[in-house]
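The data block below is protein_36.pdb; it holds PDB, C-alpha atoms, pLDDT in the B column.
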ATOM      1  CA  MET A   1       0.000   0.000   0.000  1.00 53.00           C
ATOM      2  CA  LEU A   2       2.932   2.330   0.725  1.00 63.00           C
ATOM      3  CA  VAL A   3       4.168   2.050  -2.872  1.00 66.00           C
ATOM      4  CA  ALA A   4       0.733   2.995  -4.235  1.00 69.00           C
ATOM      5  CA  GLU A   5       0.647   6.056  -1.956  1.00 71.00           C
ATOM      6  CA  GLU A   6       4.123   7.130  -3.115  1.00 69.00           C
ATOM      7  CA  ILE A   7       3.095   6.740  -6.762  1.00 69.00           C
ATOM      8  CA  LYS A   8       0.006   8.869  -6.150  1.00 70.00           C
ATOM      9  CA  GLU A   9       2.074  11.560  -4.373  1.00 73.00           C
ATOM     10  CA  ASN A  10       4.618  11.572  -7.216  1.00 68.00           C
ATOM     11  CA  GLU A  11       1.844  11.937  -9.790  1.00 76.00           C
ATOM     12  CA  GLU A  12       0.282  14.812  -7.834  1.00 75.00           C
ATOM     13  CA  LEU A  13       3.680  16.522  -7.620  1.00 69.00           C
ATOM     14  CA  ARG A  14       4.244  16.061 -11.368  1.00 72.00           C
ATOM     15  CA  VAL A  15       0.847  17.605 -12.166  1.00 68.00           C
ATOM     16  CA  THR A  16       1.541  20.513  -9.791  1.00 69.00           C
ATOM     17  CA  ILE A  17       4.906  21.210 -11.441  1.00 68.00           C
ATOM     18  CA  MET A  18       3.346  21.024 -14.920  1.00 65.00           C
ATOM     19  CA  ASN A  19       0.641  23.504 -13.908  1.00 65.00           C
ATOM     20  CA  MET A  20       3.234  25.851 -12.389  1.00 61.00           C
ATOM     21  CA  SER A  21       5.326  25.800 -15.562  1.00 58.00           C
ATOM     22  CA  LYS A  22       2.282  26.889 -17.569  1.00 62.00           C
ATOM     23  CA  THR A  23       1.791  29.984 -15.418  1.00 66.00           C
ATOM     24  CA  VAL A  24       5.434  31.066 -15.226  1.00 65.00           C
ATOM     25  CA  LYS A  25       6.316  33.665 -17.843  1.00 73.00           C
ATOM     26  CA  LYS A  26       9.322  33.207 -20.101  1.00 74.00           C
ATOM     27  CA  PRO A  27      12.288  35.173 -18.685  1.00 72.00           C
ATOM     28  CA  ILE A  28      13.298  38.350 -20.486  1.00 75.00           C
ATOM     29  CA  PRO A  29      17.067  38.603 -20.999  1.00 69.00           C
ATOM     30  CA  LEU A  30      18.786  41.680 -19.626  1.00 66.00           C
ATOM     31  CA  PHE A  31      21.566  41.585 -22.198  1.00 64.00           C
ATOM     32  CA  VAL A  32      21.411  40.292 -25.790  1.00 68.00           C
ATOM     33  CA  HIS A  33      24.341  40.507 -28.202  1.00 68.00           C
ATOM     34  CA  TYR A  34      24.750  38.629 -31.462  1.00 68.00           C
ATOM     35  CA  GLY A  35      27.848  37.873 -33.477  1.00 71.00           C
ATOM     36  CA  PHE A  36      30.225  36.120 -31.104  1.00 75.00           C
ATOM     37  CA  LEU A  37      32.540  34.284 -33.503  1.00 75.00           C
ATOM     38  CA  GLY A  38      32.648  30.624 -32.535  1.00 76.00           C
ATOM     39  CA  GLY A  39      29.968  30.989 -29.868  1.00 79.00           C
ATOM     40  CA  VAL A  40      30.154  32.002 -26.230  1.00 82.00           C
ATOM     41  CA  SER A  41      32.055  29.636 -23.963  1.00 83.00           C
ATOM     42  CA  CYS A  42      31.850  31.597 -20.703  1.00 87.00           C
ATOM     43  CA  SER A  43      30.677  34.846 -19.162  1.00 88.00           C
ATOM     44  CA  ALA A  44      31.052  36.615 -15.837  1.00 91.00           C
ATOM     45  CA  ILE A  45      30.472  39.944 -14.154  1.00 92.00           C
ATOM     46  CA  VAL A  46      33.870  41.466 -13.321  1.00 93.00           C
ATOM     47  CA  SER A  47      34.912  44.692 -11.632  1.00 91.00           C
ATOM     48  CA  VAL A  48      37.321  47.027 -13.438  1.00 89.00           C
ATOM     49  CA  ASP A  49      38.177  50.311 -11.710  1.00 89.00           C
ATOM     50  CA  ASN A  50      35.239  49.759  -9.315  1.00 91.00           C
ATOM     51  CA  GLU A  51      32.790  49.479 -12.230  1.00 90.00           C
ATOM     52  CA  SER A  52      30.977  46.286 -13.197  1.00 92.00           C
ATOM     53  CA  HIS A  53      31.444  44.847 -16.685  1.00 93.00           C
ATOM     54  CA  LEU A  54      30.178  41.730 -18.419  1.00 92.00           C
ATOM     55  CA  ALA A  55      33.142  39.643 -19.581  1.00 92.00           C
ATOM     56  CA  VAL A  56      32.350  37.297 -22.466  1.00 91.00           C
ATOM     57  CA  GLY A  57      34.753  34.623 -23.667  1.00 90.00           C
ATOM     58  CA  THR A  58      34.335  32.817 -26.986  1.00 87.00           C
ATOM     59  CA  THR A  59      35.419  29.377 -28.135  1.00 85.00           C
ATOM     60  CA  CYS A  60      37.834  31.139 -30.538  1.00 85.00           C
ATOM     61  CA  GLY A  61      39.765  32.611 -27.590  1.00 86.00           C
ATOM     62  CA  LYS A  62      38.462  36.184 -27.609  1.00 89.00           C
ATOM     63  CA  CYS A  63      37.508  37.857 -24.322  1.00 91.00           C
ATOM     64  CA  THR A  64      35.534  41.101 -24.479  1.00 92.00           C
ATOM     65  CA  LEU A  65      34.165  43.436 -21.806  1.00 93.00           C
ATOM     66  CA  PHE A  66      30.708  44.989 -22.160  1.00 92.00           C
ATOM     67  CA  SER A  67      28.985  47.669 -20.125  1.00 91.00           C
ATOM     68  CA  PRO A  68      25.847  46.231 -18.492  1.00 85.00           C
ATOM     69  CA  ARG A  69      24.362  49.739 -18.556  1.00 85.00           C
ATOM     70  CA  THR A  70      24.940  50.646 -22.239  1.00 88.00           C
ATOM     71  CA  HIS A  71      25.439  47.109 -23.656  1.00 86.00           C
ATOM     72  CA  LEU A  72      28.400  48.476 -25.642  1.00 90.00           C
ATOM     73  CA  CYS A  73      31.834  46.895 -25.881  1.00 92.00           C
ATOM     74  CA  THR A  74      34.195  48.676 -23.502  1.00 93.00           C
ATOM     75  CA  SER A  75      37.366  46.751 -24.346  1.00 93.00           C
ATOM     76  CA  THR A  76      38.851  43.562 -25.711  1.00 92.00           C
ATOM     77  CA  ILE A  77      40.934  41.769 -23.096  1.00 90.00           C
ATOM     78  CA  HIS A  78      42.303  38.987 -25.285  1.00 88.00           C
ATOM     79  CA  ASN A  79      41.973  38.399 -29.008  1.00 88.00           C
ATOM     80  CA  GLY A  80      43.042  34.776 -29.347  1.00 77.00           C
TER      81      GLY A  80
END

As structure tokens, what does this structure read like?
Amino acid sequence: MLVAEEIKENEELRVTIMNMSKTVKKPIPLFVHYGFLGGVSCSAIVSVDNESHLAVGTTCGKCTLFSPRTHLCTSTIHNG
């Protein structure tokens, strides 16, 4: 009987999660940039001169800093 109860609880949980996923809105990205040669391999928020920047590394070895405020490239750290 315990197994049947666990199966029922699991099914109820699955239905609850499915219903929640229908009501959750798709996230809106804060930063979108196209044209990273080779694709993005990593990203991180870094501090340069006490100002935050988005560092983006590509699979081709390029690392670029972007301003999270303006979304513009502020510098290229490495151009592999």

Find the residues around Gly61 (chain A) up to 7 Å (all atoms listed in the file counted), leave out those fewer than 3 positions away in its own chain, and share them as a PyMOL selection string.
-> chain A and resi 57-58+79-80

The PyMOL selection byres ((chain A and resi 44) around 8) on the file shown: which residues, as a PyMOL selection string?
-> chain A and resi 42-43+45-46+54-56

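The coordinates place CA of Thr59 (chain A) at 5.3 Å from CA of Gly38 (chain A).
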
What does the distance between CA of Ser41 (chain A) and CA of Ile28 (chain A) come to in Å, to one decimal place?
-> 21.0 Å

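Here CA of Glu11 (chain A) and CA of Lys26 (chain A) stand 24.8 Å from one another.
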
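Minimum atom-to-atom distance to Phe66 (chain A), evaluated using all atoms listed in the file, belongs to A:His53 out of A:His53, A:Glu5, A:His78, A:Lys25.
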
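Taken over the shown file, the PyMOL selection byres ((chain A and resi 64) around 6) identifies A:Ala55, A:Val56, A:Cys63, A:Leu65, A:Ser75, A:Thr76, A:Ile77.
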
Exercise on region 43-59 of chain A, axis-aligned box with 4 Å per side, report centre and edge lengths in Å to one decimal, as lines of an AutoDock Vina configuration file:
center_x = 34.2
center_y = 39.8
center_z = -18.7
size_x = 16.0
size_y = 28.9
size_z = 26.8

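The closest residue to Leu37 (chain A), picked from A:Pro68, A:Cys60, A:Glu12, A:Cys73 and counting all atoms listed in the file, is A:Cys60.
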